[in-house]
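The data block below is query.txt; it holds compact mmCIF, C-alpha atoms.
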# COMPACT_ATOMS: atom_id res chain seq x y z
CA MET P 1 -77.00 -28.60 -47.91
CA ARG P 2 -80.25 -27.86 -46.18
CA THR P 3 -82.05 -24.54 -46.73
CA TYR P 4 -84.44 -23.02 -44.26
CA PRO P 5 -87.62 -21.07 -45.02
CA LEU P 6 -87.17 -17.29 -44.83
CA PRO P 7 -88.96 -16.80 -41.44
CA VAL P 8 -86.77 -19.48 -39.78
CA ALA P 9 -83.60 -17.99 -41.29
CA ALA P 10 -84.62 -14.53 -40.04
CA ALA P 11 -85.28 -15.90 -36.54
CA LEU P 12 -81.86 -17.61 -36.48
CA ALA P 13 -80.15 -14.40 -37.62
CA ALA P 14 -81.96 -12.38 -34.91
CA THR P 15 -80.92 -14.91 -32.27
CA VAL P 16 -77.28 -14.67 -33.31
CA LEU P 17 -77.40 -10.87 -33.22
CA LEU P 18 -79.15 -10.72 -29.84
CA THR P 19 -76.69 -13.07 -28.16
CA GLY P 20 -73.97 -10.49 -28.86
CA CYS P 21 -75.93 -7.76 -27.05
CA SER P 22 -75.37 -6.85 -23.44
CA ASP P 23 -77.92 -5.82 -20.87
CA ASP P 24 -75.30 -3.50 -19.33
CA LYS P 25 -76.97 -0.08 -19.29
CA THR P 26 -73.82 1.86 -18.42
CA GLY P 27 -73.28 3.19 -21.93
CA GLY P 28 -70.30 3.16 -24.23
CA ASP P 29 -68.41 5.96 -22.47
CA ASP P 30 -68.29 4.20 -19.10
CA VAL P 31 -64.75 3.62 -17.79
CA LYS P 32 -65.73 0.15 -16.64
CA ASN P 33 -63.97 -2.33 -18.88
CA THR P 34 -65.90 -5.58 -18.67
CA ASP P 35 -63.83 -7.14 -21.46
CA ARG P 36 -60.62 -7.03 -19.42
CA ARG P 37 -58.74 -10.28 -19.09
CA SER P 38 -58.74 -11.75 -15.62
CA GLY P 39 -55.57 -10.67 -13.82
CA SER P 40 -54.97 -7.59 -15.99
CA ALA P 41 -54.53 -4.10 -14.51
CA CYS P 42 -57.34 -2.96 -12.23
CA ALA P 43 -59.64 -0.34 -13.75
CA LEU P 44 -60.81 2.55 -11.62
CA GLY P 45 -64.31 2.20 -13.09
CA ASP P 46 -64.54 -1.25 -11.46
CA MET P 47 -63.67 0.09 -8.00
CA GLY P 48 -65.81 1.33 -5.16
CA VAL P 49 -64.02 4.23 -3.44
CA GLU P 50 -64.22 5.24 0.24
CA VAL P 51 -62.22 8.02 1.86
CA ALA P 52 -61.36 8.47 5.54
CA ALA P 53 -59.25 11.33 6.82
CA GLY P 54 -57.27 12.02 9.94
CA ALA P 55 -56.99 15.73 9.17
CA ALA P 56 -54.12 17.77 10.60
CA PRO P 57 -55.72 20.30 12.96
CA ALA P 58 -53.03 23.03 12.81
CA ALA P 59 -50.04 24.16 10.75
CA GLY P 60 -47.09 21.82 11.27
CA ASP P 61 -49.29 18.85 12.23
CA THR P 62 -49.32 15.66 10.15
CA GLY P 63 -52.54 14.43 8.59
CA THR P 64 -53.57 11.40 6.56
CA VAL P 65 -56.18 10.66 3.93
CA THR P 66 -56.80 6.94 3.42
CA VAL P 67 -58.48 5.75 0.23
CA THR P 68 -60.03 2.27 0.33
CA LEU P 69 -60.83 0.55 -2.97
CA THR P 70 -63.21 -2.40 -3.35
CA ASN P 71 -63.01 -4.40 -6.58
CA LYS P 72 -66.45 -4.81 -8.14
CA GLY P 73 -65.12 -6.29 -11.38
CA ALA P 74 -63.11 -9.29 -12.51
CA ARG P 75 -59.88 -10.40 -10.83
CA CYS P 76 -57.23 -7.74 -11.49
CA ALA P 77 -53.73 -6.69 -10.52
CA LEU P 78 -52.17 -3.56 -9.06
CA LYS P 79 -48.46 -3.20 -9.82
CA GLY P 80 -46.84 -0.02 -8.63
CA PHE P 81 -48.07 3.02 -6.76
CA PRO P 82 -51.23 5.06 -7.16
CA GLY P 83 -50.67 8.30 -9.05
CA VAL P 84 -51.73 11.21 -6.83
CA ASP P 85 -51.91 14.89 -7.74
CA LEU P 86 -52.80 17.80 -5.47
CA LEU P 87 -54.61 20.61 -7.27
CA ALA P 88 -54.43 24.21 -6.04
CA ASP P 89 -55.86 27.24 -7.86
CA ASP P 90 -52.78 27.84 -9.98
CA LYS P 91 -50.72 24.69 -9.58
CA THR P 92 -50.94 20.90 -9.85
CA THR P 93 -48.31 18.96 -7.92
CA SER P 94 -47.59 15.24 -8.13
CA VAL P 95 -47.18 13.39 -4.85
CA SER P 96 -44.19 11.03 -4.57
CA PRO P 97 -44.21 7.60 -2.90
CA ASP P 98 -43.25 7.42 0.78
CA GLU P 99 -39.48 7.50 1.21
CA GLY P 100 -38.17 3.94 1.20
CA ALA P 101 -41.49 2.44 0.08
CA LYS P 102 -41.30 -0.41 -2.40
CA ALA P 103 -44.03 -1.07 -4.94
CA GLN P 104 -45.67 -4.44 -4.48
CA SER P 105 -47.83 -6.47 -6.82
CA LEU P 106 -51.28 -7.13 -5.47
CA THR P 107 -54.05 -9.22 -7.01
CA LEU P 108 -57.66 -8.37 -6.15
CA GLY P 109 -60.49 -10.82 -6.68
CA LYS P 110 -64.08 -9.61 -6.98
CA GLY P 111 -64.97 -8.05 -3.62
CA GLY P 112 -61.30 -7.73 -2.63
CA THR P 113 -60.16 -4.51 -0.98
CA THR P 114 -56.98 -2.52 -0.75
CA SER P 115 -56.06 0.91 0.50
CA PHE P 116 -53.41 3.57 0.19
CA THR P 117 -52.68 6.61 2.32
CA ILE P 118 -51.73 10.16 1.46
CA THR P 119 -49.67 11.68 4.29
CA TYR P 120 -49.20 15.44 4.46
CA VAL P 121 -48.12 18.22 6.81
CA ARG P 122 -50.60 21.03 7.26
CA GLY P 123 -49.18 24.23 5.82
CA GLU P 124 -49.27 27.76 7.15
CA ALA P 125 -52.18 29.65 5.56
CA GLY P 126 -50.93 32.10 2.94
CA SER P 127 -47.31 30.91 3.12
CA ALA P 128 -45.23 30.71 -0.04
CA GLU P 129 -44.27 27.19 1.09
CA SER P 130 -47.87 25.99 1.26
CA LEU P 131 -50.32 24.80 -1.36
CA ASP P 132 -53.93 25.89 -0.98
CA VAL P 133 -55.23 22.49 -2.16
CA HIS P 134 -58.86 22.22 -3.22
CA LYS P 135 -58.82 18.78 -4.79
CA ALA P 136 -56.75 15.61 -4.90
CA SER P 137 -56.88 13.32 -7.92
CA PHE P 138 -55.65 9.75 -8.21
CA THR P 139 -55.16 7.09 -10.86
CA LEU P 140 -54.33 3.40 -10.67
CA PRO P 141 -51.18 1.95 -12.23
CA GLY P 142 -52.00 0.62 -15.69
CA ASP P 143 -55.24 2.65 -15.86
CA THR P 144 -54.20 6.25 -16.42
CA LYS P 145 -57.27 6.98 -18.59
CA ALA P 146 -59.53 7.35 -15.57
CA ALA P 147 -58.93 9.55 -12.54
CA HIS P 148 -60.93 9.87 -9.35
CA ASP P 149 -61.21 13.32 -7.78
CA LEU P 150 -61.48 13.93 -4.04
CA ALA P 151 -62.62 17.22 -2.57
CA TRP P 152 -59.83 18.45 -0.28
CA SER P 153 -61.13 20.10 2.89
CA TYR P 154 -58.11 19.43 5.10
CA GLY P 155 -56.39 22.80 4.89
CA GLU P 156 -53.27 23.96 3.12
CA VAL P 157 -50.45 21.50 2.51
CA ALA P 158 -46.82 22.31 3.36
CA TRP P 159 -44.68 22.05 0.24
CA SER P 160 -40.98 22.85 0.62
CA ALA P 161 -37.62 21.15 0.18
CA ASP P 162 -38.03 19.69 3.71
CA GLU P 163 -41.73 18.89 3.74
CA LYS P 164 -43.79 17.30 1.01
CA ALA P 165 -46.84 15.09 0.93
CA SER P 166 -46.29 11.39 0.14
CA VAL P 167 -48.36 8.37 -0.84
CA SER P 168 -48.05 4.82 0.47
CA GLY P 169 -48.13 1.72 -1.66
CA PHE P 170 -51.24 -0.42 -1.84
CA GLU P 171 -51.93 -2.33 1.35
CA THR P 172 -54.12 -5.39 1.72
CA SER P 173 -57.33 -4.96 3.64
CA GLY P 174 -59.72 -7.38 5.23
CA ASP P 175 -58.89 -11.06 5.78
Rewrite the structure from the file as structure tokens, please.
Amino acid sequence: MRTYPLPVAAALAATVLLTGCSDDKTGGDDVKNTDRRSGSACALGDMGVEVAAGAAPAAGDTGTVTVTLTNKGARCALKGFPGVDLLADDKTTSVSPDEGAKAQSLTLGKGGTTSFTITYVRGEAGSAESLDVHKASFTLPGDTKAAHDLAWSYGEVAWSADEKASVSGFETSGD
């Protein structure tokens, strides 16, 4: 067995320790999970988020809010529907999938995009059958630890037995 002088042994030990370090400056509390296995559930912290709205101009009109996600991390999978909640001053309401929609599995490579759409009917201001929504929040299937909040500036949302908001499944975007 060969022994090394103390300075060489110390240098080898430092090299081994430094190779385990990361130059990622995001900090330990970041929701980005860089250790995820390729093809595992997509993490919200690895997604770029863009929002485009076709707001309903008046009570009774239908509006849409489309959320586009761009994967900035490793290859990942989306299986199911996004979880969407509408938050009013005194109430949080979960949004159900579009009637008849079927959840699809979608794999996103790095740079891949997908989108989903929240469809709602604009409610009558002050009505007991309307939610005065201030914020929408969504999660990805398999990543319920992280939620993304969206400021809601699209008016009240009708919420009755006949009219409720809904969310589409994930749709492929781009090529």
Residue contacts of Ala161 in chain P (12 Å, all atoms listed in the file) excluding same-chain residues fewer than 3 positions away, as number ranges by chain: P: 129-130, 158, 164-165
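Going from CA of Lys72 in chain P over to CA of Gly111 in chain P, you cover 5.8 Å.
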Box for range 94-107 of chain P - axis-aligned, 8 Å on each of the six sides, all listed atoms - centre and size in Å to one decimal, as JSON.
{"center_x": -46.1, "center_y": 3.0, "center_z": -3.5, "size_x": 31.9, "size_y": 40.5, "size_z": 25.3}
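Shortest separation to Trp152 in chain P among P:Ser96, P:Thr114, P:Ser137, P:Thr107 occurs at residue P:Ser137, atoms counted being only C-alpha atoms.
Considering the residues P:Val167, P:Ile118, P:Ala56, P:Leu86 and counting only C-alpha atoms, Leu131 in chain P has its shortest atom-to-atom contact with P:Leu86.
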Nearest to Thr139 in chain P by atom-to-atom distance, counting all atoms listed in the file, from P:Ala101, P:Val67, P:Val84, P:Ala77: P:Val84
Among the residues P:Thr93, P:Thr64, P:Thr172, P:Thr119, the one that comes closest to Leu106 in chain P [using only C-alpha atoms]: P:Thr172
Write out as a short mmCIF file (atom, residue, chain, number, x, y, z; two decimals) with C-alpha atoms, keeping the file's coordinate frame which residues come within 6 Å of Ala136 in chain P when counting all atoms listed in the file, dropping same-chain ones fewer than 4 positions away.
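Result written to out33.cif:
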data_model
loop_
_atom_site.label_atom_id
_atom_site.label_comp_id
_atom_site.auth_asym_id
_atom_site.auth_seq_id
_atom_site.Cartn_x
_atom_site.Cartn_y
_atom_site.Cartn_z
CA ASP P 85 -51.91 14.89 -7.74
CA LEU P 86 -52.80 17.80 -5.47
CA LEU P 87 -54.61 20.61 -7.27
CA ASP P 149 -61.21 13.32 -7.78
CA LEU P 150 -61.48 13.93 -4.04
#
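Relative to CA of Phe138 in chain P, CA of Trp159 in chain P is found at 18.5 Å.
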Å distance separating CA of Glu156 in chain P from CA of Ser94 in chain P, one decimal place: 15.3 Å
Lys145 in chain P surroundings by only C-alpha atoms, 10 Å radius, close-in-sequence under 3 positions cut, as number ranges by chain: P: 31, 43-44, 139-140, 142
Suppose we keep C-alpha atoms; can you now write the selection as a short mmCIF file (atom, residue, chain, number, x, y, z; two decimals), keeping the file's coordinate frame?
data_model
loop_
_atom_site.label_atom_id
_atom_site.label_comp_id
_atom_site.auth_asym_id
_atom_site.auth_seq_id
_atom_site.Cartn_x
_atom_site.Cartn_y
_atom_site.Cartn_z
CA VAL P 31 -64.75 3.62 -17.79
CA ALA P 43 -59.64 -0.34 -13.75
CA LEU P 44 -60.81 2.55 -11.62
CA THR P 139 -55.16 7.09 -10.86
CA LEU P 140 -54.33 3.40 -10.67
CA GLY P 142 -52.00 0.62 -15.69
#
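Among the candidate residues P:Ala59, P:Val133, P:Cys76, P:Ala53, the one lying nearest to Ser105 in chain P is P:Cys76, with distances computed using all atoms listed in the file.
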Would you mind putting back N, CA and C atoms on range 52-74 of chain P, then writing it out as a PDB file, in the coordinates of the input?
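Final output, rebuild.pdb:
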ATOM      1  N   ALA P  52     -61.347   8.147   4.113  1.00  0.00           N
ATOM      2  CA  ALA P  52     -61.360   8.470   5.540  1.00  0.00           C
ATOM      3  C   ALA P  52     -60.146   9.336   5.832  1.00  0.00           C
ATOM      4  N   ALA P  53     -60.358  10.408   6.563  1.00  0.00           N
ATOM      5  CA  ALA P  53     -59.250  11.330   6.820  1.00  0.00           C
ATOM      6  C   ALA P  53     -58.998  11.488   8.313  1.00  0.00           C
ATOM      7  N   GLY P  54     -57.728  11.610   8.622  1.00  0.00           N
ATOM      8  CA  GLY P  54     -57.270  12.020   9.940  1.00  0.00           C
ATOM      9  C   GLY P  54     -56.631  13.374   9.705  1.00  0.00           C
ATOM     10  N   ALA P  55     -57.471  14.409   9.572  1.00  0.00           N
ATOM     11  CA  ALA P  55     -56.990  15.730   9.170  1.00  0.00           C
ATOM     12  C   ALA P  55     -56.059  16.331  10.218  1.00  0.00           C
ATOM     13  N   ALA P  56     -55.054  17.052   9.733  1.00  0.00           N
ATOM     14  CA  ALA P  56     -54.120  17.770  10.600  1.00  0.00           C
ATOM     15  C   ALA P  56     -54.828  19.018  11.116  1.00  0.00           C
ATOM     16  N   PRO P  57     -54.942  19.184  12.439  1.00  0.00           N
ATOM     17  CA  PRO P  57     -55.720  20.300  12.960  1.00  0.00           C
ATOM     18  C   PRO P  57     -55.046  21.685  12.837  1.00  0.00           C
ATOM     19  N   ALA P  58     -53.716  21.736  12.847  1.00  0.00           N
ATOM     20  CA  ALA P  58     -53.030  23.030  12.810  1.00  0.00           C
ATOM     21  C   ALA P  58     -51.767  22.942  11.967  1.00  0.00           C
ATOM     22  N   ALA P  59     -51.267  24.104  11.548  1.00  0.00           N
ATOM     23  CA  ALA P  59     -50.040  24.160  10.750  1.00  0.00           C
ATOM     24  C   ALA P  59     -48.922  23.426  11.477  1.00  0.00           C
ATOM     25  N   GLY P  60     -48.191  22.594  10.716  1.00  0.00           N
ATOM     26  CA  GLY P  60     -47.090  21.820  11.270  1.00  0.00           C
ATOM     27  C   GLY P  60     -47.504  20.424  11.702  1.00  0.00           C
ATOM     28  N   ASP P  61     -48.803  20.176  11.850  1.00  0.00           N
ATOM     29  CA  ASP P  61     -49.290  18.850  12.230  1.00  0.00           C
ATOM     30  C   ASP P  61     -49.368  17.951  11.000  1.00  0.00           C
ATOM     31  N   THR P  62     -49.237  16.644  11.234  1.00  0.00           N
ATOM     32  CA  THR P  62     -49.320  15.660  10.150  1.00  0.00           C
ATOM     33  C   THR P  62     -50.730  15.107  10.066  1.00  0.00           C
ATOM     34  N   GLY P  63     -51.216  14.988   8.834  1.00  0.00           N
ATOM     35  CA  GLY P  63     -52.540  14.430   8.590  1.00  0.00           C
ATOM     36  C   GLY P  63     -52.458  13.305   7.573  1.00  0.00           C
ATOM     37  N   THR P  64     -53.503  12.502   7.527  1.00  0.00           N
ATOM     38  CA  THR P  64     -53.570  11.400   6.560  1.00  0.00           C
ATOM     39  C   THR P  64     -54.944  11.362   5.903  1.00  0.00           C
ATOM     40  N   VAL P  65     -54.949  10.922   4.664  1.00  0.00           N
ATOM     41  CA  VAL P  65     -56.180  10.660   3.930  1.00  0.00           C
ATOM     42  C   VAL P  65     -56.039   9.255   3.370  1.00  0.00           C
ATOM     43  N   THR P  66     -56.868   8.338   3.851  1.00  0.00           N
ATOM     44  CA  THR P  66     -56.800   6.940   3.420  1.00  0.00           C
ATOM     45  C   THR P  66     -57.920   6.661   2.428  1.00  0.00           C
ATOM     46  N   VAL P  67     -57.540   6.106   1.287  1.00  0.00           N
ATOM     47  CA  VAL P  67     -58.480   5.750   0.230  1.00  0.00           C
ATOM     48  C   VAL P  67     -58.577   4.235   0.204  1.00  0.00           C
ATOM     49  N   THR P  68     -59.787   3.710   0.385  1.00  0.00           N
ATOM     50  CA  THR P  68     -60.030   2.270   0.330  1.00  0.00           C
ATOM     51  C   THR P  68     -60.768   1.947  -0.957  1.00  0.00           C
ATOM     52  N   LEU P  69     -60.254   0.977  -1.689  1.00  0.00           N
ATOM     53  CA  LEU P  69     -60.830   0.550  -2.970  1.00  0.00           C
ATOM     54  C   LEU P  69     -61.393  -0.856  -2.821  1.00  0.00           C
ATOM     55  N   THR P  70     -62.586  -1.079  -3.341  1.00  0.00           N
ATOM     56  CA  THR P  70     -63.210  -2.400  -3.350  1.00  0.00           C
ATOM     57  C   THR P  70     -63.439  -2.795  -4.799  1.00  0.00           C
ATOM     58  N   ASN P  71     -62.882  -3.928  -5.203  1.00  0.00           N
ATOM     59  CA  ASN P  71     -63.010  -4.400  -6.580  1.00  0.00           C
ATOM     60  C   ASN P  71     -64.405  -4.951  -6.825  1.00  0.00           C
ATOM     61  N   LYS P  72     -65.113  -4.352  -7.767  1.00  0.00           N
ATOM     62  CA  LYS P  72     -66.450  -4.810  -8.140  1.00  0.00           C
ATOM     63  C   LYS P  72     -66.434  -5.537  -9.474  1.00  0.00           C
ATOM     64  N   GLY P  73     -65.258  -5.657 -10.072  1.00  0.00           N
ATOM     65  CA  GLY P  73     -65.120  -6.290 -11.380  1.00  0.00           C
ATOM     66  C   GLY P  73     -64.408  -7.625 -11.297  1.00  0.00           C
ATOM     67  N   ALA P  74     -63.844  -8.021 -12.420  1.00  0.00           N
ATOM     68  CA  ALA P  74     -63.110  -9.290 -12.510  1.00  0.00           C
ATOM     69  C   ALA P  74     -61.783  -9.184 -11.749  1.00  0.00           C
TER      70      ALA P  74
END
